[in-house]
$ cat protein06.pdb   # PDB, C-alpha atoms
ATOM      1  CA  MET A 565      -2.821 -18.084   3.074  1.00  0.00           C
ATOM      2  CA  LEU A 566      -1.379 -16.803  -0.175  1.00  0.00           C
ATOM      3  CA  ALA A 567      -0.283 -13.358  -1.334  1.00  0.00           C
ATOM      4  CA  VAL A 568      -3.633 -12.864  -3.092  1.00  0.00           C
ATOM      5  CA  ASP A 569      -5.439 -13.251   0.253  1.00  0.00           C
ATOM      6  CA  VAL A 570      -3.759 -10.291   1.945  1.00  0.00           C
ATOM      7  CA  MET A 571      -2.379  -8.054  -0.810  1.00  0.00           C
ATOM      8  CA  THR A 572      -3.494  -4.481  -1.256  1.00  0.00           C
ATOM      9  CA  PRO A 573      -5.134  -4.193  -4.698  1.00  0.00           C
ATOM     10  CA  ASN A 574      -5.679  -1.027  -6.750  1.00  0.00           C
ATOM     11  CA  VAL A 575      -2.106   0.040  -6.116  1.00  0.00           C
ATOM     12  CA  ILE A 576      -1.227   3.681  -6.683  1.00  0.00           C
ATOM     13  CA  THR A 577       1.496   3.781  -9.329  1.00  0.00           C
ATOM     14  CA  VAL A 578       3.522   6.330 -11.294  1.00  0.00           C
ATOM     15  CA  PRO A 579       4.977   6.322 -14.823  1.00  0.00           C
ATOM     16  CA  PRO A 580       8.754   6.408 -15.390  1.00  0.00           C
ATOM     17  CA  ASP A 581       8.748  10.126 -16.168  1.00  0.00           C
ATOM     18  CA  ALA A 582       6.835  11.160 -13.020  1.00  0.00           C
ATOM     19  CA  ASP A 583       8.472  14.099 -11.253  1.00  0.00           C
ATOM     20  CA  VAL A 584       9.721  13.710  -7.676  1.00  0.00           C
ATOM     21  CA  ARG A 585       7.452  16.557  -6.584  1.00  0.00           C
ATOM     22  CA  GLU A 586       4.377  14.659  -7.744  1.00  0.00           C
ATOM     23  CA  ILE A 587       5.655  11.433  -6.199  1.00  0.00           C
ATOM     24  CA  ALA A 588       6.136  13.166  -2.857  1.00  0.00           C
ATOM     25  CA  ARG A 589       2.614  14.573  -3.065  1.00  0.00           C
ATOM     26  CA  LEU A 590       1.183  11.121  -3.763  1.00  0.00           C
ATOM     27  CA  LEU A 591       2.979   9.576  -0.790  1.00  0.00           C
ATOM     28  CA  LEU A 592       1.825  12.289   1.568  1.00  0.00           C
ATOM     29  CA  GLU A 593      -1.763  12.601   0.347  1.00  0.00           C
ATOM     30  CA  ASN A 594      -2.343   8.850   0.344  1.00  0.00           C
ATOM     31  CA  ASN A 595      -0.466   8.097   3.569  1.00  0.00           C
ATOM     32  CA  ILE A 596       1.760   5.541   1.835  1.00  0.00           C
ATOM     33  CA  SER A 597       5.517   5.049   1.909  1.00  0.00           C
ATOM     34  CA  ALA A 598       6.232   3.860  -1.651  1.00  0.00           C
ATOM     35  CA  VAL A 599       4.827   3.702  -5.181  1.00  0.00           C
ATOM     36  CA  PRO A 600       5.637   1.185  -7.938  1.00  0.00           C
ATOM     37  CA  VAL A 601       6.838   2.577 -11.257  1.00  0.00           C
ATOM     38  CA  VAL A 602       5.049   0.882 -14.170  1.00  0.00           C
ATOM     39  CA  ASP A 603       5.013   1.171 -17.943  1.00  0.00           C
ATOM     40  CA  ALA A 604       1.981   1.495 -20.215  1.00  0.00           C
ATOM     41  CA  GLU A 605       1.305  -2.256 -19.919  1.00  0.00           C
ATOM     42  CA  ASP A 606       1.448  -2.212 -16.090  1.00  0.00           C
ATOM     43  CA  LYS A 607       4.784  -4.027 -16.050  1.00  0.00           C
ATOM     44  CA  VAL A 608       6.722  -3.169 -12.909  1.00  0.00           C
ATOM     45  CA  LEU A 609       9.931  -1.274 -13.694  1.00  0.00           C
ATOM     46  CA  GLY A 610      10.913  -0.261 -10.184  1.00  0.00           C
ATOM     47  CA  ILE A 611       9.676   1.288  -6.966  1.00  0.00           C
ATOM     48  CA  VAL A 612      10.144   4.725  -5.384  1.00  0.00           C
ATOM     49  CA  SER A 613      10.044   4.837  -1.586  1.00  0.00           C
ATOM     50  CA  GLU A 614      10.431   7.506   1.060  1.00  0.00           C
ATOM     51  CA  GLY A 615      14.015   6.356   1.374  1.00  0.00           C
ATOM     52  CA  ASP A 616      14.693   7.025  -2.311  1.00  0.00           C
ATOM     53  CA  LEU A 617      13.350  10.559  -1.954  1.00  0.00           C
ATOM     54  CA  MET A 618      15.081  11.223   1.341  1.00  0.00           C
ATOM     55  CA  ARG A 619      18.425  10.569  -0.312  1.00  0.00           C
ATOM     56  CA  ARG A 620      17.709  13.763  -2.271  1.00  0.00           C
ATOM     57  CA  VAL A 621      17.321  15.781   0.909  1.00  0.00           C
ATOM     58  CA  GLU A 622      20.122  16.645   3.306  1.00  0.00           C
ATOM     59  CA  ASN A 623      19.004  17.057   6.911  1.00  0.00           C
ATOM     60  CA  GLY A 624      20.082  16.603  10.478  1.00  0.00           C
ATOM     61  CA  SER A 625      16.649  16.899  12.000  1.00  0.00           C
ATOM     62  CA  GLU A 626      14.795  14.555  14.338  1.00  0.00           C
ATOM     63  CA  ALA A 627      11.440  16.001  13.287  1.00  0.00           C
ATOM     64  CA  PRO A 628       8.319  13.812  12.791  1.00  0.00           C
ATOM     65  CA  LYS A 629       8.267  11.212  10.046  1.00  0.00           C
ATOM     66  CA  SER A 630       6.830  13.117   7.087  1.00  0.00           C
ATOM     67  CA  TRP A 631       8.163  16.627   7.735  1.00  0.00           C
ATOM     68  CA  TRP A 632      10.358  16.372   4.669  1.00  0.00           C
ATOM     69  CA  LEU A 633       7.442  15.485   2.395  1.00  0.00           C
ATOM     70  CA  LYS A 634       5.486  18.480   3.617  1.00  0.00           C
ATOM     71  CA  SER A 635       8.526  20.661   3.042  1.00  0.00           C
ATOM     72  CA  PHE A 636       8.203  19.989  -0.693  1.00  0.00           C
ATOM     73  CA  PHE A 637       5.153  22.234  -0.705  1.00  0.00           C
ATOM     74  CA  THR A 638       6.161  25.037   1.649  1.00  0.00           C
ATOM     75  CA  GLY A 639       8.457  27.930   0.886  1.00  0.00           C
ATOM     76  CA  GLY A 640      11.568  29.230   2.574  1.00  0.00           C
ATOM     77  CA  ASN A 641      13.377  25.987   3.351  1.00  0.00           C
ATOM     78  CA  SER A 642      16.308  24.056   1.922  1.00  0.00           C
ATOM     79  CA  ALA A 643      14.229  21.035   0.854  1.00  0.00           C
ATOM     80  CA  SER A 644      11.959  23.184  -1.302  1.00  0.00           C
ATOM     81  CA  GLU A 645      14.909  24.930  -2.914  1.00  0.00           C
ATOM     82  CA  TYR A 646      16.650  21.613  -3.433  1.00  0.00           C
ATOM     83  CA  VAL A 647      13.675  20.235  -5.375  1.00  0.00           C
ATOM     84  CA  LYS A 648      13.512  23.351  -7.534  1.00  0.00           C
ATOM     85  CA  THR A 649      17.159  23.092  -8.531  1.00  0.00           C
ATOM     86  CA  HIS A 650      17.636  19.292  -8.548  1.00  0.00           C
ATOM     87  CA  ALA A 651      14.442  17.918 -10.101  1.00  0.00           C
ATOM     88  CA  ARG A 652      14.476  14.178 -10.803  1.00  0.00           C
ATOM     89  CA  LYS A 653      12.198  11.695 -12.531  1.00  0.00           C
ATOM     90  CA  ALA A 654      10.920   8.387 -11.179  1.00  0.00           C
ATOM     91  CA  HIS A 655      13.129   6.309 -13.467  1.00  0.00           C
ATOM     92  CA  GLU A 656      16.200   8.162 -12.187  1.00  0.00           C
ATOM     93  CA  ILE A 657      15.672   7.559  -8.487  1.00  0.00           C
ATOM     94  CA  MET A 658      13.644   4.335  -8.373  1.00  0.00           C
ATOM     95  CA  THR A 659      14.970   1.085  -6.958  1.00  0.00           C
ATOM     96  CA  ARG A 660      15.332  -1.237  -9.953  1.00  0.00           C
ATOM     97  CA  ASP A 661      16.542  -4.488  -8.399  1.00  0.00           C
ATOM     98  CA  LEU A 662      13.125  -5.689  -7.245  1.00  0.00           C
ATOM     99  CA  ILE A 663      11.800  -8.868  -5.715  1.00  0.00           C
ATOM    100  CA  ILE A 664       8.463  -9.664  -7.402  1.00  0.00           C
ATOM    101  CA  ILE A 665       6.028 -12.437  -6.463  1.00  0.00           C
ATOM    102  CA  GLY A 666       2.973 -14.106  -7.944  1.00  0.00           C
ATOM    103  CA  GLU A 667      -0.495 -14.243  -6.407  1.00  0.00           C
ATOM    104  CA  ASP A 668      -0.041 -17.835  -5.268  1.00  0.00           C
ATOM    105  CA  GLU A 669       3.073 -17.203  -3.168  1.00  0.00           C
ATOM    106  CA  PRO A 670       2.492 -18.574   0.394  1.00  0.00           C
ATOM    107  CA  LEU A 671       2.725 -15.980   3.146  1.00  0.00           C
ATOM    108  CA  HIS A 672       5.519 -17.740   5.012  1.00  0.00           C
ATOM    109  CA  ARG A 673       7.661 -17.530   1.872  1.00  0.00           C
ATOM    110  CA  VAL A 674       6.800 -13.857   1.414  1.00  0.00           C
ATOM    111  CA  ALA A 675       7.828 -13.218   5.011  1.00  0.00           C
ATOM    112  CA  LYS A 676      11.167 -14.943   4.397  1.00  0.00           C
ATOM    113  CA  LEU A 677      11.750 -12.842   1.268  1.00  0.00           C
ATOM    114  CA  LEU A 678      11.129  -9.588   3.128  1.00  0.00           C
ATOM    115  CA  GLU A 679      13.426 -10.659   5.946  1.00  0.00           C
ATOM    116  CA  LYS A 680      16.193 -12.009   3.695  1.00  0.00           C
ATOM    117  CA  HIS A 681      16.325  -8.954   1.441  1.00  0.00           C
ATOM    118  CA  HIS A 682      15.588  -6.378   4.181  1.00  0.00           C
ATOM    119  CA  ILE A 683      12.613  -4.910   2.312  1.00  0.00           C
ATOM    120  CA  LYS A 684       9.256  -3.639   3.543  1.00  0.00           C
ATOM    121  CA  ARG A 685       7.016  -4.563   0.631  1.00  0.00           C
ATOM    122  CA  VAL A 686       6.889  -6.651  -2.531  1.00  0.00           C
ATOM    123  CA  PRO A 687       4.831  -6.156  -5.731  1.00  0.00           C
ATOM    124  CA  VAL A 688       2.426  -8.923  -6.775  1.00  0.00           C
ATOM    125  CA  VAL A 689       2.015  -9.694 -10.470  1.00  0.00           C
ATOM    126  CA  ARG A 690      -0.322 -11.740 -12.646  1.00  0.00           C
ATOM    127  CA  ASP A 691       0.821 -12.563 -16.174  1.00  0.00           C
ATOM    128  CA  GLY A 692       3.611 -10.038 -15.720  1.00  0.00           C
ATOM    129  CA  LYS A 693       1.253  -7.181 -14.767  1.00  0.00           C
ATOM    130  CA  LEU A 694       0.967  -5.507 -11.353  1.00  0.00           C
ATOM    131  CA  VAL A 695      -2.164  -6.568  -9.443  1.00  0.00           C
ATOM    132  CA  GLY A 696      -1.268  -5.720  -5.847  1.00  0.00           C
ATOM    133  CA  ILE A 697       1.374  -5.212  -3.211  1.00  0.00           C
ATOM    134  CA  VAL A 698       2.134  -7.082   0.019  1.00  0.00           C
ATOM    135  CA  SER A 699       3.676  -5.135   2.878  1.00  0.00           C
ATOM    136  CA  ARG A 700       4.866  -6.192   6.306  1.00  0.00           C
ATOM    137  CA  ALA A 701       1.582  -4.905   7.711  1.00  0.00           C
ATOM    138  CA  ASN A 702      -0.382  -7.095   5.276  1.00  0.00           C
ATOM    139  CA  LEU A 703       1.618 -10.107   6.436  1.00  0.00           C
ATOM    140  CA  LEU A 704       1.005  -9.406  10.111  1.00  0.00           C
ATOM    141  CA  ARG A 705      -2.710  -9.069   9.484  1.00  0.00           C
ATOM    142  CA  GLY A 706      -2.738 -12.331   7.574  1.00  0.00           C
ATOM    143  CA  PHE A 707      -0.907 -14.181  10.310  1.00  0.00           C
ATOM    144  CA  SER A 708      -3.242 -12.693  12.923  1.00  0.00           C
ATOM    145  CA  ALA A 709      -6.234 -14.059  11.041  1.00  0.00           C
ATOM    146  CA  THR A 710      -4.925 -17.605  10.984  1.00  0.00           C
ATOM    147  CA  ALA A 711      -1.766 -19.143  12.364  1.00  0.00           C
ATOM    148  CA  PRO A 712       0.733 -20.363   9.745  1.00  0.00           C
ATOM    149  CA  ASP A 713       0.167 -23.991  10.780  1.00  0.00           C
ATOM    150  CA  ALA A 714      -3.599 -23.777  11.201  1.00  0.00           C
ATOM    151  CA  GLU A 715      -5.675 -26.281   9.270  1.00  0.00           C
ATOM    152  CA  THR A 716      -8.074 -23.617   8.015  1.00  0.00           C
ATOM    153  CA  PRO A 717      -6.885 -22.742   4.507  1.00  0.00           C
ATOM    154  CA  VAL A 718      -8.433 -19.838   2.674  1.00  0.00           C
ATOM    155  CA  THR A 719     -10.935 -21.125   0.125  1.00  0.00           C
ATOM    156  CA  SER A 720     -12.022 -19.843  -3.273  1.00  0.00           C
ATOM    157  CA  ASP A 721     -15.249 -18.726  -1.588  1.00  0.00           C
ATOM    158  CA  ASP A 722     -13.232 -16.593   0.860  1.00  0.00           C
ATOM    159  CA  ARG A 723     -11.399 -14.979  -2.055  1.00  0.00           C
ATOM    160  CA  GLN A 724     -14.682 -14.266  -3.821  1.00  0.00           C
ATOM    161  CA  ILE A 725     -16.031 -12.668  -0.635  1.00  0.00           C
ATOM    162  CA  ARG A 726     -12.900 -10.523  -0.334  1.00  0.00           C
ATOM    163  CA  ASP A 727     -13.115  -9.401  -3.956  1.00  0.00           C
ATOM    164  CA  ALA A 728     -16.821  -8.588  -3.565  1.00  0.00           C
ATOM    165  CA  ILE A 729     -16.237  -6.474  -0.442  1.00  0.00           C
ATOM    166  CA  LEU A 730     -13.385  -4.516  -2.036  1.00  0.00           C
ATOM    167  CA  LYS A 731     -15.436  -3.944  -5.189  1.00  0.00           C
ATOM    168  CA  GLU A 732     -18.453  -2.702  -3.209  1.00  0.00           C
ATOM    169  CA  VAL A 733     -16.307  -0.364  -1.124  1.00  0.00           C
ATOM    170  CA  ASP A 734     -14.506   0.962  -4.195  1.00  0.00           C
ATOM    171  CA  GLU A 735     -17.591   1.538  -6.318  1.00  0.00           C
ATOM    172  CA  ASN A 736     -20.250   2.656  -3.834  1.00  0.00           C
ATOM    173  CA  THR A 737     -18.913   4.002  -0.536  1.00  0.00           C
ATOM    174  CA  GLY A 738     -16.534   6.797  -1.519  1.00  0.00           C
ATOM    175  CA  VAL A 739     -13.799   5.229   0.633  1.00  0.00           C
ATOM    176  CA  TRP A 740     -10.331   4.963  -0.914  1.00  0.00           C
ATOM    177  CA  VAL A 741      -9.964   1.199  -1.200  1.00  0.00           C
ATOM    178  CA  ASP A 742      -6.173   1.416  -1.488  1.00  0.00           C
ATOM    179  CA  ARG A 743      -6.102   2.530   2.153  1.00  0.00           C
ATOM    180  CA  ILE A 744      -7.821  -0.566   3.496  1.00  0.00           C
ATOM    181  CA  ASN A 745      -7.127  -4.277   3.595  1.00  0.00           C
ATOM    182  CA  VAL A 746      -9.662  -7.083   3.890  1.00  0.00           C
ATOM    183  CA  ILE A 747      -8.814 -10.588   5.054  1.00  0.00           C
ATOM    184  CA  VAL A 748     -11.377 -13.387   4.918  1.00  0.00           C
ATOM    185  CA  THR A 749     -11.033 -16.811   6.530  1.00  0.00           C
ATOM    186  CA  GLU A 750     -13.990 -19.210   6.516  1.00  0.00           C
ATOM    187  CA  GLY A 751     -16.359 -16.287   6.068  1.00  0.00           C
ATOM    188  CA  VAL A 752     -14.876 -14.334   8.993  1.00  0.00           C
ATOM    189  CA  VAL A 753     -13.834 -10.870   7.810  1.00  0.00           C
ATOM    190  CA  GLN A 754     -11.107  -8.683   9.267  1.00  0.00           C
ATOM    191  CA  ILE A 755     -10.856  -5.103   8.011  1.00  0.00           C
ATOM    192  CA  TRP A 756      -7.676  -3.080   8.498  1.00  0.00           C
ATOM    193  CA  GLY A 757      -6.361   0.260   7.342  1.00  0.00           C
ATOM    194  CA  LEU A 758      -7.225   3.946   7.582  1.00  0.00           C
ATOM    195  CA  VAL A 759     -10.294   6.033   6.789  1.00  0.00           C
ATOM    196  CA  GLU A 760     -11.113   9.705   7.196  1.00  0.00           C
ATOM    197  CA  SER A 761     -14.224   9.512   9.404  1.00  0.00           C
ATOM    198  CA  GLN A 762     -16.473   7.318  11.516  1.00  0.00           C
ATOM    199  CA  GLU A 763     -18.981   7.446   8.665  1.00  0.00           C
ATOM    200  CA  GLU A 764     -16.436   5.906   6.296  1.00  0.00           C
ATOM    201  CA  LYS A 765     -15.557   3.263   8.870  1.00  0.00           C
ATOM    202  CA  MET A 766     -19.224   2.331   9.200  1.00  0.00           C
ATOM    203  CA  ALA A 767     -19.717   2.339   5.415  1.00  0.00           C
ATOM    204  CA  VAL A 768     -16.958  -0.241   4.995  1.00  0.00           C
ATOM    205  CA  GLN A 769     -18.443  -2.385   7.751  1.00  0.00           C
ATOM    206  CA  VAL A 770     -21.921  -2.256   6.207  1.00  0.00           C
ATOM    207  CA  ALA A 771     -20.465  -3.181   2.819  1.00  0.00           C
ATOM    208  CA  ALA A 772     -18.817  -6.208   4.397  1.00  0.00           C
ATOM    209  CA  GLU A 773     -21.861  -7.253   6.421  1.00  0.00           C
ATOM    210  CA  ASN A 774     -24.095  -7.123   3.342  1.00  0.00           C
ATOM    211  CA  THR A 775     -21.793  -9.347   1.280  1.00  0.00           C
ATOM    212  CA  PRO A 776     -23.138 -12.903   0.815  1.00  0.00           C
ATOM    213  CA  GLY A 777     -21.130 -15.520   2.701  1.00  0.00           C
ATOM    214  CA  VAL A 778     -19.893 -13.201   5.450  1.00  0.00           C
ATOM    215  CA  LYS A 779     -20.386 -14.621   8.948  1.00  0.00           C
ATOM    216  CA  THR A 780     -18.866 -11.935  11.150  1.00  0.00           C
ATOM    217  CA  VAL A 781     -16.942  -8.692  10.652  1.00  0.00           C
ATOM    218  CA  GLU A 782     -14.048  -7.455  12.784  1.00  0.00           C
ATOM    219  CA  ASN A 783     -13.581  -3.774  11.992  1.00  0.00           C
ATOM    220  CA  ASN A 784     -10.051  -2.616  12.885  1.00  0.00           C
ATOM    221  CA  LEU A 785     -10.072   0.556  10.793  1.00  0.00           C
ATOM    222  CA  GLY A 786      -8.336   3.579  12.264  1.00  0.00           C
ATOM    223  CA  MET A 787      -8.607   7.293  11.570  1.00  0.00           C
ATOM    224  CA  ILE A 788      -6.155   9.164   9.350  1.00  0.00           C
ATOM    225  CA  PRO A 789      -4.392  11.808  11.480  1.00  0.00           C
ATOM    226  CA  ARG A 790      -5.869  15.276  11.076  1.00  0.00           C
ATOM    227  CA  GLY A 791      -4.209  17.200   8.271  1.00  0.00           C
ATOM    228  CA  VAL A 792      -2.768  14.205   6.434  1.00  0.00           C
ATOM    229  CA  GLY A 793      -3.795  14.209   2.808  1.00  0.00           C
ATOM    230  CA  HIS A 794      -4.935  17.842   2.809  1.00  0.00           C
ATOM    231  CA  PHE A 795      -3.069  21.103   2.238  1.00  0.00           C
TER     232      PHE A 795
END

$ encode --input "protein06.pdb" --output "C-alpha cells"
Amino acid sequence: MLAVDVMTPNVITVPPDADVREIARLLLENNISAVPVVDAEDKVLGIVSEGDLMRRVENGSEAPKSWWLKSFFTGGNSASEYVKTHARKAHEIMTRDLIIIGEDEPLHRVAKLLEKHHIKRVPVVRDGKLVGIVSRANLLRGFSATAPDAETPVTSDDRQIRDAILKEVDENTGVWVDRINVIVTEGVVQIWGLVESQEEKMAVQVAAENTPGVKTVENNLGMIPRGVGHF
C-alpha cells in the first residue's frame, strides 16, 4: 500500500494569516488535531496542531482533552482572556520544519518517518500541492487491511473504487468526507472515521455498496460524541 491508498483527502487548511481563534474553532468543530497552513497555490507552508495552540495557554489542569479549545469560546476564564490579549496568526505559531511525502510513498516508509521524527501526521503532495494527509490512524487502518508483507498489492482499480466512493459521499450524502477514510484492497472496502448519526453511517455504506467493483463493505464508522462540533 502507498500513501495515496490510505490518506485523508479534502484536507481542511488555513491561510498564513488565519487567527488562532478561528484555528481553534476549526479543530474543535471538525474533531481534528491539526491543520496544514497553505498559500494561494496550495503549497504547504507549515502545520498548526493542538500542541502549537496549547503552548499559548498556561494551565495545570487534568481536564478532558479539548477543554482548552472550548475555553476559547466561553467567558470568564484565563484562556479566553489570554486569546483576547495575545492574538496570533497561523504563520506565527505554525511548525515550519515539516516532513512532506508524495502519493507513492510506501506505508512502511511513512511509518518509519513518523516514528523517527516523533510526529503524528504527514502532508501528502502532488506536484508540490497538498492533496491529502496521512496520520497514525490512517497507517493502522492500512496495515489492518493488508499485512505489510502480503502479496495482495493495491491495484489501480482499487484506487479508482476508493476515489469513486469518496466522491459519491462528498457530493451526494451530506457527510463530511474529511471525517472518514476509505481503504480498498481487491474490491474489499473498509470504512473508518466518524459521522454524526446512524443515517449518515448507512448513507456512506450505501454509497460504497453501489460503487462498481466493490465486493464487500466493512463499516467501522463511529459516532461523534454529543456536543462536539456544535456550540

$ atom_distance --input "protein06.pdb" --atom1 "atom CA of Arg705 of chain A" --atom2 "atom CA of Leu662 of chain A"
23.3 Å

$ residues_around --input "protein06.pdb" --residues "Ile683 of chain A" --least-positions-apart "6" --cutoff "10 Å" --atoms "only C-alpha atoms" --output "list in words"
Leu662, Ile663, Ala675, Leu677, Ser699 and Arg700 of chain A

$ closest_residue --input "protein06.pdb" --among "A:Val674, A:Leu785, A:Val741, A:Met766" --to "Gln754 of chain A" --atoms "all atoms listed in the file"
A:Leu785

$ atom_distance --input "protein06.pdb" --atom1 "atom CA of Ile755 of chain A" --atom2 "atom CA of Ala771 of chain A"
11.1 Å

$ residues_around --input "protein06.pdb" --residues "segment 720-729 of chain A" --least-positions-apart "4" --cutoff "9 Å" --atoms "all atoms listed in the file" --output "ChimeraX atom specification"
/A:568-569,733-734,746-753,768,771-778

$ write_last_selection --input "protein06.pdb" --atoms "C-alpha atoms" --output "CSV table (one decimal), in the frame of the given file"
chain,number,residue,atom,x,y,z
A,568,VAL,CA,-3.6,-12.9,-3.1
A,569,ASP,CA,-5.4,-13.3,0.3
A,733,VAL,CA,-16.3,-0.4,-1.1
A,734,ASP,CA,-14.5,1.0,-4.2
A,746,VAL,CA,-9.7,-7.1,3.9
A,747,ILE,CA,-8.8,-10.6,5.1
A,748,VAL,CA,-11.4,-13.4,4.9
A,749,THR,CA,-11.0,-16.8,6.5
A,750,GLU,CA,-14.0,-19.2,6.5
A,751,GLY,CA,-16.4,-16.3,6.1
A,752,VAL,CA,-14.9,-14.3,9.0
A,753,VAL,CA,-13.8,-10.9,7.8
A,768,VAL,CA,-17.0,-0.2,5.0
A,771,ALA,CA,-20.5,-3.2,2.8
A,772,ALA,CA,-18.8,-6.2,4.4
A,773,GLU,CA,-21.9,-7.3,6.4
A,774,ASN,CA,-24.1,-7.1,3.3
A,775,THR,CA,-21.8,-9.3,1.3
A,776,PRO,CA,-23.1,-12.9,0.8
A,777,GLY,CA,-21.1,-15.5,2.7
A,778,VAL,CA,-19.9,-13.2,5.4

$ resolve_selection --input "protein06.pdb" --expression "the PyMOL selection byres ((chain A and resi 613) around 7)" --output "list in words"
Ser597, Ala598, Val599, Ile611, Val612, Glu614, Gly615, Asp616 and Leu617 of chain A

$ atom_distance --input "protein06.pdb" --atom1 "atom CA of Leu703 of chain A" --atom2 "atom CA of Arg743 of chain A"
15.4 Å

$ resolve_selection --input "protein06.pdb" --expression "the PyMOL selection byres ((chain A and resi 572) around 8)" --output "list in words"
Val570, Met571, Pro573, Asn574, Val575, Gly696, Ile697, Val698, Asn702, Asp742, Ile744 and Asn745 of chain A

$ resolve_selection --input "protein06.pdb" --expression "the PyMOL selection byres ((chain A and resi 577) around 6)" --output "list in words"
Ile576, Val578, Val599, Pro600 and Val601 of chain A

$ residues_around --input "protein06.pdb" --residues "Glu764 of chain A" --least-positions-apart "4" --cutoff "8 Å" --atoms "all atoms listed in the file" --output "list in words"
Thr737, Gly738, Val739, Val759, Glu760 and Val768 of chain A

$ closest_residue --input "protein06.pdb" --among "A:Leu609, A:Ile596, A:Leu566, A:Leu694" --to "Leu758 of chain A" --atoms "all atoms listed in the file"
A:Ile596

$ closest_residue --input "protein06.pdb" --among "A:Val688, A:Ile788, A:Val781, A:Leu592" --to "Ser761 of chain A" --atoms "all atoms listed in the file"
A:Ile788

$ closest_residue --input "protein06.pdb" --among "A:Trp756, A:Arg685, A:Glu605, A:Ala567" --to "Arg673 of chain A" --atoms "only C-alpha atoms"
A:Ala567

$ closest_residue --input "protein06.pdb" --among "A:Asp603, A:Asp661, A:Glu656, A:Glu732" --to "His681 of chain A" --atoms "all atoms listed in the file"
A:Asp661

$ closest_residue --input "protein06.pdb" --among "A:Gly757, A:Glu669, A:Trp740, A:Pro580" --to "Ala701 of chain A" --atoms "only C-alpha atoms"
A:Gly757
